[in-house]
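Peer 1: For reference, the file target35.csv (CSV, C-alpha atoms) is included below:
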chain,number,residue,atom,x,y,z
D,102,MET,CA,133.2,20.9,53.7
D,103,SER,CA,134.2,18.2,56.2
D,104,SER,CA,130.8,18.6,57.9
D,105,CYS,CA,129.2,17.0,54.8
D,106,SER,CA,131.3,13.8,55.0
D,107,ASP,CA,128.9,12.4,57.7
D,108,LEU,CA,126.1,12.5,55.1
D,109,ILE,CA,127.8,9.9,52.9
D,110,ASP,CA,127.2,6.4,54.3
D,111,ALA,CA,126.0,3.0,53.2
D,112,GLY,CA,122.4,4.2,53.0
D,113,PHE,CA,123.4,6.9,50.5
D,114,VAL,CA,125.4,4.5,48.4
D,115,GLN,CA,122.4,2.1,48.4
D,116,MET,CA,120.1,5.0,47.4
D,117,LEU,CA,122.4,5.7,44.4
D,118,ILE,CA,122.0,2.1,43.4
D,119,GLN,CA,118.3,2.2,43.6
D,120,ILE,CA,118.1,5.4,41.6
D,121,SER,CA,120.5,3.9,39.0
D,122,ALA,CA,118.1,1.0,38.6
D,123,SER,CA,115.2,3.4,38.0
D,124,MET,CA,117.2,5.3,35.5
D,125,ALA,CA,118.1,2.1,33.7
D,126,ARG,CA,114.4,1.0,33.5
D,127,GLU,CA,113.6,4.4,32.0
D,128,GLY,CA,116.2,4.0,29.4
D,129,ASP,CA,118.7,6.5,30.7
D,130,GLU,CA,121.7,4.2,30.6
D,131,ASP,CA,124.3,7.0,30.8
D,132,THR,CA,122.9,8.3,34.1
D,133,ALA,CA,122.5,4.8,35.4
D,134,ASN,CA,126.1,3.9,34.6
D,135,PHE,CA,127.3,7.2,36.2
D,136,LEU,CA,125.5,6.5,39.4
D,137,VAL,CA,126.8,2.9,39.6
D,138,GLN,CA,130.3,4.2,39.1
D,139,LEU,CA,129.8,6.9,41.7
D,140,ALA,CA,128.4,4.3,44.2
D,141,ARG,CA,131.4,2.0,43.6
D,142,LEU,CA,133.8,4.8,44.3
D,143,LEU,CA,132.0,6.0,47.4
D,144,GLY,CA,131.5,2.4,48.6
D,145,LYS,CA,135.2,1.6,48.1
D,146,SER,CA,136.2,4.8,50.1
D,147,LEU,CA,133.8,3.8,52.9
D,148,GLY,CA,135.2,0.2,52.9
D,149,LEU,CA,131.8,-1.3,51.9
D,150,SER,CA,131.4,-4.6,50.1
D,151,LEU,CA,128.0,-4.2,48.5
D,152,ASP,CA,126.6,-5.8,45.4
D,153,LEU,CA,126.5,-2.7,43.3
D,154,ARG,CA,124.4,-4.1,40.5
D,155,PRO,CA,120.7,-3.8,41.4
D,156,ALA,CA,118.2,-6.5,40.5
D,157,GLY,CA,117.1,-5.9,36.9
D,158,TYR,CA,120.1,-3.8,36.0
D,159,SER,CA,122.4,-5.0,33.3
D,160,SER,CA,125.3,-3.1,31.7
D,161,ALA,CA,125.6,-5.7,29.0
D,162,LYS,CA,124.5,-4.5,25.6
D,163,GLY,CA,123.3,-6.4,22.6
If you convert what's in this file into structure tokens, what do you get?

Peer 2:
Amino acid sequence: MSSCSDLIDAGFVQMLIQISASMAREGDEDTANFLVQLARLLGKSLGLSLDLRPAGYSSAKG
């Protein structure tokens, strides 16, 4: 299992953000929110300080 830890890096976290933006555009807010939360957790564990809200993504409703 430890051999997989090298696969999780800033690029993977950024890819999660990009996919979440795509899911949000398609109307799948639940998946988008899940991916953002996952990216936040992974980014925090990696010590990253990324803007985890992609352009065009808004979690505000109403």

Peer 1: Report, in Å to a single decimal, how far apart CA of Arg126 (chain D) and CA of Gly148 (chain D) are.

Peer 2: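 Distance between the two atoms: 28.5 Å.
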
Peer 1: Could you jot down the CA of Gln115 (chain D) to CA of Asp129 (chain D) separation for me, Å, one decimal place?

Peer 2: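 These two atoms are separated by 18.6 Å.
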
Peer 1: For the atom pair CA of Leu108 (chain D) and CA of Leu136 (chain D), what is the interatomic distance in Å to one decimal place?

Peer 2: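 Answer for the CA of Leu108 (chain D) to CA of Leu136 (chain D) separation: 16.8 Å.
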
Peer 1: Pick out the closest residue to Asn134 (chain D) from this set: D:Ser106, D:Ala122, D:Leu147, D:Ala111. Count all atoms listed in the file.

Peer 2: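 Of D:Ser106, D:Ala122, D:Leu147, D:Ala111, the one nearest Asn134 (chain D), counting all atoms listed in the file, is D:Ala122.
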
Peer 1: Tell me, as number ranges by chain, which residues lie within 12 Å of Leu143 (chain D), counting only C-alpha atoms; anything in the same chain fewer than 3 positions away does not count.

Peer 2: D: 106, 108-118, 136-140, 146-151, 153

Peer 1: Could region 138-153 of chain D be completed with N, CA, C and O atoms and written as a PDB file, keeping the file's coordinate frame, please?

Peer 2:
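Output saved as result-v2.pdb:
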ATOM      1  N   GLN D 138     128.917   3.888  38.930  1.00  0.00           N
ATOM      2  CA  GLN D 138     130.300   4.200  39.100  1.00  0.00           C
ATOM      3  C   GLN D 138     130.572   5.043  40.355  1.00  0.00           C
ATOM      4  O   GLN D 138     131.513   4.815  41.118  1.00  0.00           O
ATOM      5  N   LEU D 139     129.716   6.032  40.557  1.00  0.00           N
ATOM      6  CA  LEU D 139     129.800   6.900  41.700  1.00  0.00           C
ATOM      7  C   LEU D 139     129.626   6.055  43.011  1.00  0.00           C
ATOM      8  O   LEU D 139     130.383   6.187  43.974  1.00  0.00           O
ATOM      9  N   ALA D 140     128.622   5.176  42.998  1.00  0.00           N
ATOM     10  CA  ALA D 140     128.400   4.300  44.200  1.00  0.00           C
ATOM     11  C   ALA D 140     129.571   3.412  44.432  1.00  0.00           C
ATOM     12  O   ALA D 140     129.939   3.187  45.593  1.00  0.00           O
ATOM     13  N   ARG D 141     130.191   2.884  43.379  1.00  0.00           N
ATOM     14  CA  ARG D 141     131.400   2.000  43.600  1.00  0.00           C
ATOM     15  C   ARG D 141     132.512   2.816  44.213  1.00  0.00           C
ATOM     16  O   ARG D 141     133.155   2.312  45.139  1.00  0.00           O
ATOM     17  N   LEU D 142     132.765   4.020  43.724  1.00  0.00           N
ATOM     18  CA  LEU D 142     133.800   4.800  44.300  1.00  0.00           C
ATOM     19  C   LEU D 142     133.564   5.178  45.758  1.00  0.00           C
ATOM     20  O   LEU D 142     134.445   5.072  46.610  1.00  0.00           O
ATOM     21  N   LEU D 143     132.345   5.608  46.032  1.00  0.00           N
ATOM     22  CA  LEU D 143     132.000   6.000  47.400  1.00  0.00           C
ATOM     23  C   LEU D 143     132.020   4.732  48.313  1.00  0.00           C
ATOM     24  O   LEU D 143     132.512   4.796  49.442  1.00  0.00           O
ATOM     25  N   GLY D 144     131.486   3.626  47.808  1.00  0.00           N
ATOM     26  CA  GLY D 144     131.500   2.400  48.600  1.00  0.00           C
ATOM     27  C   GLY D 144     132.896   1.933  48.913  1.00  0.00           C
ATOM     28  O   GLY D 144     133.193   1.519  50.040  1.00  0.00           O
ATOM     29  N   LYS D 145     133.773   2.036  47.940  1.00  0.00           N
ATOM     30  CA  LYS D 145     135.200   1.600  48.100  1.00  0.00           C
ATOM     31  C   LYS D 145     135.825   2.543  49.189  1.00  0.00           C
ATOM     32  O   LYS D 145     136.529   2.067  50.079  1.00  0.00           O
ATOM     33  N   SER D 146     135.581   3.844  49.101  1.00  0.00           N
ATOM     34  CA  SER D 146     136.200   4.800  50.100  1.00  0.00           C
ATOM     35  C   SER D 146     135.635   4.576  51.466  1.00  0.00           C
ATOM     36  O   SER D 146     136.318   4.869  52.439  1.00  0.00           O
ATOM     37  N   LEU D 147     134.401   4.056  51.567  1.00  0.00           N
ATOM     38  CA  LEU D 147     133.800   3.800  52.900  1.00  0.00           C
ATOM     39  C   LEU D 147     134.152   2.374  53.373  1.00  0.00           C
ATOM     40  O   LEU D 147     133.798   2.016  54.493  1.00  0.00           O
ATOM     41  N   GLY D 148     134.811   1.585  52.530  1.00  0.00           N
ATOM     42  CA  GLY D 148     135.200   0.200  52.900  1.00  0.00           C
ATOM     43  C   GLY D 148     133.984  -0.729  52.874  1.00  0.00           C
ATOM     44  O   GLY D 148     133.969  -1.740  53.572  1.00  0.00           O
ATOM     45  N   LEU D 149     133.006  -0.427  52.035  1.00  0.00           N
ATOM     46  CA  LEU D 149     131.800  -1.300  51.900  1.00  0.00           C
ATOM     47  C   LEU D 149     132.030  -2.370  50.897  1.00  0.00           C
ATOM     48  O   LEU D 149     132.737  -2.179  49.914  1.00  0.00           O
ATOM     49  N   SER D 150     131.410  -3.498  51.136  1.00  0.00           N
ATOM     50  CA  SER D 150     131.400  -4.600  50.100  1.00  0.00           C
ATOM     51  C   SER D 150     129.988  -4.877  49.775  1.00  0.00           C
ATOM     52  O   SER D 150     129.378  -5.794  50.286  1.00  0.00           O
ATOM     53  N   LEU D 151     129.441  -4.039  48.918  1.00  0.00           N
ATOM     54  CA  LEU D 151     128.000  -4.200  48.500  1.00  0.00           C
ATOM     55  C   LEU D 151     127.977  -4.723  47.098  1.00  0.00           C
ATOM     56  O   LEU D 151     128.875  -4.519  46.284  1.00  0.00           O
ATOM     57  N   ASP D 152     126.877  -5.418  46.810  1.00  0.00           N
ATOM     58  CA  ASP D 152     126.600  -5.800  45.400  1.00  0.00           C
ATOM     59  C   ASP D 152     126.060  -4.543  44.759  1.00  0.00           C
ATOM     60  O   ASP D 152     124.954  -4.096  45.048  1.00  0.00           O
ATOM     61  N   LEU D 153     126.845  -3.966  43.874  1.00  0.00           N
ATOM     62  CA  LEU D 153     126.500  -2.700  43.300  1.00  0.00           C
ATOM     63  C   LEU D 153     125.738  -2.789  41.989  1.00  0.00           C
ATOM     64  O   LEU D 153     125.610  -1.831  41.261  1.00  0.00           O
TER      65      LEU D 153
END
